[in-house]
Amino acid sequence: MPTSATFPSAAAAFRSGVKSAVTSTFFIVLAGTYIGMGALAHGFGLASWWLALSTVLVWAAPAQVILISSFGGGAPLVEAALAVSLSAVRLFPMVVALLPLLRAESTRVRDLLLPTHFTSVSMWVESLRLLPGVSREHRIAFSNGLSVGYMGTAATFGFVGYYLAAELPPLLAGGLLFLTPMSFLMSTARNAKAIMDQLALVLGLALGTILTAADVQLDLLWTGIGGGTLAYFVHRFREATA
């Protein structure tokens, strides 16, 4: 993406976003992840159209795993909705970090509704990398194109995994689902330039391992709060003593 790329129209920016999605590493990651997701949905006896609809409406692989396992296991609707909602809380800081990149002086609130829904790990990482090189008036269109490209990839390969489920070993299906968290970890490590970001990543990995081993409830939530807060205070201490 060239610096300060301009497009003749919002449609051109949207198409460029779609192209960026299907030529990125996350295209492969999402394809593999949703082949595994399709196999998982098939194993729980859910319909293929239900999987595609949940991909569009939920748009978060971990939350979909929770939703599929909850419905497949016969959990009440309220319980499944609460679990998915708690899982989605982790995306809120991503939305907060992304919106300043998208918003311009003339941006209306309704223009930000789609990017807010579209915010996911893959879209967030690539948006932070690519949007600074896009002219501000076309960033929302580009971001929507990027998201549609990723969502279309996920829905398509969800169908592929669903109909290949009988031939897909369970261990391979589980390994494919593991692609998303690993790709997020690698991308975050690559993009962590500031000391505070690097420290937050290291503290989060250490704290998350301890809490998981101790079987602490809501371990991911406490990992984010604890690791991020510690990194912030260390950063403030370094600034005060510099």
# chains A, B, ... in the order shown; residues from 1 in each chain; ligands from 1
>>> closest_atom_pairs(of="region 51-77 of chain A", to="region 118-138 of chain A", cutoff="10 Å", atoms="only C-alpha atoms", output="Markdown table")
| residue | atom | partner | partner_atom | distance |
| --- | --- | --- | --- | --- |
| A:Val56 | CA | A:Phe118 | CA | 9.0 |
| A:Leu57 | CA | A:Phe118 | CA | 9.5 |
| A:Val58 | CA | A:Phe118 | CA | 9.4 |
| A:Trp59 | CA | A:Ser120 | CA | 7.0 |
| A:Ala60 | CA | A:Ser120 | CA | 6.3 |
| A:Ala61 | CA | A:Ser120 | CA | 9.0 |
>>> write_last_selection(atoms="N, CA and C atoms", output="PDB file, in the first residue's frame")
ATOM      1  N   VAL A  56     -21.710 -14.532   9.729  1.00  0.00           N
ATOM      2  CA  VAL A  56     -22.012 -13.144   9.385  1.00  0.00           C
ATOM      3  C   VAL A  56     -22.445 -12.343  10.612  1.00  0.00           C
ATOM      4  N   LEU A  57     -23.239 -12.936  11.475  1.00  0.00           N
ATOM      5  CA  LEU A  57     -23.798 -12.198  12.616  1.00  0.00           C
ATOM      6  C   LEU A  57     -22.842 -12.118  13.800  1.00  0.00           C
ATOM      7  N   VAL A  58     -22.107 -13.180  14.068  1.00  0.00           N
ATOM      8  CA  VAL A  58     -21.203 -13.197  15.221  1.00  0.00           C
ATOM      9  C   VAL A  58     -19.840 -12.655  14.833  1.00  0.00           C
ATOM     10  N   TRP A  59     -19.303 -13.142  13.736  1.00  0.00           N
ATOM     11  CA  TRP A  59     -18.025 -12.716  13.171  1.00  0.00           C
ATOM     12  C   TRP A  59     -16.898 -12.672  14.201  1.00  0.00           C
ATOM     13  N   ALA A  60     -16.705 -13.813  14.850  1.00  0.00           N
ATOM     14  CA  ALA A  60     -15.595 -13.994  15.791  1.00  0.00           C
ATOM     15  C   ALA A  60     -15.468 -15.490  16.020  1.00  0.00           C
ATOM     16  N   ALA A  61     -14.359 -16.074  15.570  1.00  0.00           N
ATOM     17  CA  ALA A  61     -14.213 -17.529  15.624  1.00  0.00           C
ATOM     18  C   ALA A  61     -14.344 -18.097  17.039  1.00  0.00           C
TER      19      ALA A  61
END
>>> residues_around(residues="Phe178 (chain A)", least_positions_apart="6", cutoff="10 Å", atoms="only C-alpha atoms", output="count of residues only")
6
>>> closest_residue(among="A:His42, A:Arg238, A:Phe233, A:Tyr150", to="Thr25 (chain A)", atoms="only C-alpha atoms")
A:Tyr150
>>> atom_distance(atom1="CA of Ser143 (chain A)", atom2="CA of Gly17 (chain A)")
6.2 Å
>>> closest_residue(among="A:Gly43, A:Gly149, A:Gly73, A:Pro100", to="Ser24 (chain A)", atoms="only C-alpha atoms")
A:Gly149
>>> select_by_dssp(residues="region 75-177 of chain A", states="alpha helix (DSSP H)", output="ChimeraX atom specification")
/A:77-88,92-102,113-118,121-130,139-163,170-177
>>> atom_distance(atom1="CA of Ala88 (chain A)", atom2="CA of Ile68 (chain A)")
14.9 Å
>>> residues_around(residues="Leu113 (chain A)", least_positions_apart="2", cutoff="12 Å", atoms="only C-alpha atoms", output="ChimeraX atom specification")
/A:95,99,102-103,107-111,115-119,140,143-144
>>> write_last_selection(atoms="N, CA and C atoms", output="tab-separated table (two decimals), in the first residue's frame")
chain	number	residue	atom	x	y	z
A	95	VAL	N	-12.13	-2.00	18.82
A	95	VAL	CA	-13.00	-1.00	18.19
A	95	VAL	C	-12.57	0.41	18.60
A	99	LEU	N	-11.44	3.15	15.64
A	99	LEU	CA	-12.32	4.24	15.22
A	99	LEU	C	-11.59	5.57	14.94
A	102	LEU	N	-10.49	5.67	11.44
A	102	LEU	CA	-11.55	5.69	10.43
A	102	LEU	C	-12.28	7.03	10.37
A	103	ARG	N	-12.41	7.68	11.51
A	103	ARG	CA	-13.27	8.86	11.60
A	103	ARG	C	-12.61	10.09	10.97
A	107	THR	N	-17.53	12.47	9.10
A	107	THR	CA	-18.04	11.12	9.30
A	107	THR	C	-19.28	11.13	10.18
A	108	ARG	N	-20.32	10.44	9.70
A	108	ARG	CA	-21.56	10.31	10.48
A	108	ARG	C	-21.49	9.04	11.32
A	109	VAL	N	-22.25	9.02	12.40
A	109	VAL	CA	-22.23	7.86	13.29
A	109	VAL	C	-22.64	6.60	12.54
A	110	ARG	N	-23.66	6.72	11.69
A	110	ARG	CA	-24.13	5.53	10.98
A	110	ARG	C	-23.08	4.97	10.02
A	111	ASP	N	-22.12	5.79	9.60
A	111	ASP	CA	-21.06	5.30	8.72
A	111	ASP	C	-20.11	4.36	9.45
A	115	PRO	N	-18.17	-0.86	10.13
A	115	PRO	CA	-16.82	-1.17	10.60
A	115	PRO	C	-16.78	-1.66	12.05
A	116	THR	N	-17.69	-1.15	12.88
A	116	THR	CA	-17.74	-1.60	14.27
A	116	THR	C	-18.12	-3.07	14.35
A	117	HIS	N	-19.14	-3.46	13.57
A	117	HIS	CA	-19.54	-4.88	13.54
A	117	HIS	C	-18.46	-5.74	12.90
A	118	PHE	N	-17.82	-5.21	11.87
A	118	PHE	CA	-16.81	-5.97	11.13
A	118	PHE	C	-15.51	-6.17	11.90
A	119	THR	N	-15.30	-5.43	13.00
A	119	THR	CA	-14.03	-5.50	13.71
A	119	THR	C	-13.81	-6.90	14.27
A	140	ILE	N	-13.07	4.22	5.46
A	140	ILE	CA	-14.22	3.40	5.83
A	140	ILE	C	-14.55	2.43	4.70
A	143	SER	N	-11.89	-0.25	4.60
A	143	SER	CA	-12.04	-1.16	5.74
A	143	SER	C	-13.22	-2.11	5.53
A	144	ASN	N	-14.33	-1.59	5.00
A	144	ASN	CA	-15.48	-2.45	4.73
A	144	ASN	C	-15.15	-3.50	3.67
>>> residues_around(residues="region 205-215 of chain A", least_positions_apart="6", cutoff="12 Å", atoms="only C-alpha atoms", output="VMD selection string")
chain A and resid 185 189 198 to 199 221 to 230
>>> write_last_selection(atoms="C-alpha atoms", output="compact mmCIF listing (two decimals), in the first residue's frame")
# COMPACT_ATOMS: atom_id res chain seq x y z
CA LEU A 185 -0.15 -13.82 18.52
CA ALA A 189 4.33 -9.64 18.30
CA GLN A 198 6.05 -5.65 24.16
CA LEU A 199 5.80 -5.74 27.95
CA LEU A 221 -10.48 -11.37 30.93
CA TRP A 222 -8.18 -11.21 33.97
CA THR A 223 -5.14 -11.76 31.77
CA GLY A 224 -5.99 -8.74 29.63
CA ILE A 225 -6.81 -6.50 32.57
CA GLY A 226 -3.85 -7.60 34.67
CA GLY A 227 -1.19 -7.69 31.96
CA GLY A 228 -2.28 -4.43 30.37
CA THR A 229 -2.53 -2.60 33.70
CA LEU A 230 0.90 -3.77 34.84
>>> closest_residue(among="A:Leu53, A:Val89, A:Leu164, A:Ala41", to="Ser69 (chain A)", atoms="only C-alpha atoms")
A:Ala41
>>> closest_residue(among="A:Glu167, A:Ala97, A:Gly204, A:Glu105", to="Ala39 (chain A)", atoms="only C-alpha atoms")
A:Glu167
>>> closest_atom_pairs(of="region 29-81 of chain A", to="region 153-163 of chain A", cutoff="6 Å", atoms="only C-alpha atoms", output="CSV")
residue,atom,partner,partner_atom,distance
A:Leu30,CA,A:Ala154,CA,5.8
A:Ala31,CA,A:Phe157,CA,5.4
A:Tyr34,CA,A:Gly158,CA,4.7
A:Ile35,CA,A:Gly161,CA,3.8
A:Gly38,CA,A:Tyr162,CA,4.0
A:Ala39,CA,A:Tyr162,CA,4.9
A:His42,CA,A:Tyr162,CA,5.6
A:Ala52,CA,A:Ala155,CA,5.3
>>> residues_around(residues="region 80-84 of chain A", least_positions_apart="3", cutoff="7 Å", atoms="only C-alpha atoms", output="PyMOL selection string")
chain A and resi 63+66-67+70+75-77+87-88
>>> write_last_selection(atoms="N, CA and C atoms", output="short mmCIF file (atom, residue, chain, number, x, y, z; two decimals), in the first residue's frame")
data_model
loop_
_atom_site.label_atom_id
_atom_site.label_comp_id
_atom_site.auth_asym_id
_atom_site.auth_seq_id
_atom_site.Cartn_x
_atom_site.Cartn_y
_atom_site.Cartn_z
N ALA A 63 -16.00 -16.94 19.60
CA ALA A 63 -17.40 -16.85 20.00
C ALA A 63 -18.25 -17.87 19.25
N ILE A 66 -17.90 -21.22 20.89
CA ILE A 66 -18.75 -21.25 22.08
C ILE A 66 -20.20 -21.46 21.69
N LEU A 67 -20.66 -20.73 20.66
CA LEU A 67 -22.04 -20.83 20.23
C LEU A 67 -22.37 -22.23 19.71
N SER A 70 -22.31 -24.73 22.54
CA SER A 70 -23.45 -24.52 23.44
C SER A 70 -24.74 -25.08 22.85
N ALA A 75 -27.41 -26.42 25.45
CA ALA A 75 -27.47 -25.36 26.46
C ALA A 75 -28.64 -24.42 26.18
N PRO A 76 -29.22 -23.81 27.22
CA PRO A 76 -30.32 -22.85 27.01
C PRO A 76 -29.86 -21.65 26.19
N LEU A 77 -30.79 -21.04 25.48
CA LEU A 77 -30.48 -19.90 24.61
C LEU A 77 -29.87 -18.75 25.39
N SER A 87 -17.57 -13.27 25.58
CA SER A 87 -16.43 -13.49 24.69
C SER A 87 -16.18 -12.28 23.80
N ALA A 88 -17.26 -11.62 23.39
CA ALA A 88 -17.15 -10.49 22.47
C ALA A 88 -16.60 -9.23 23.14
#
>>> closest_residue(among="A:Phe14, A:Trp49, A:Phe27, A:Phe7", to="Gly152 (chain A)", atoms="only C-alpha atoms")
A:Phe27
>>> atom_distance(atom1="CA of Met37 (chain A)", atom2="CA of Phe71 (chain A)")
14.1 Å
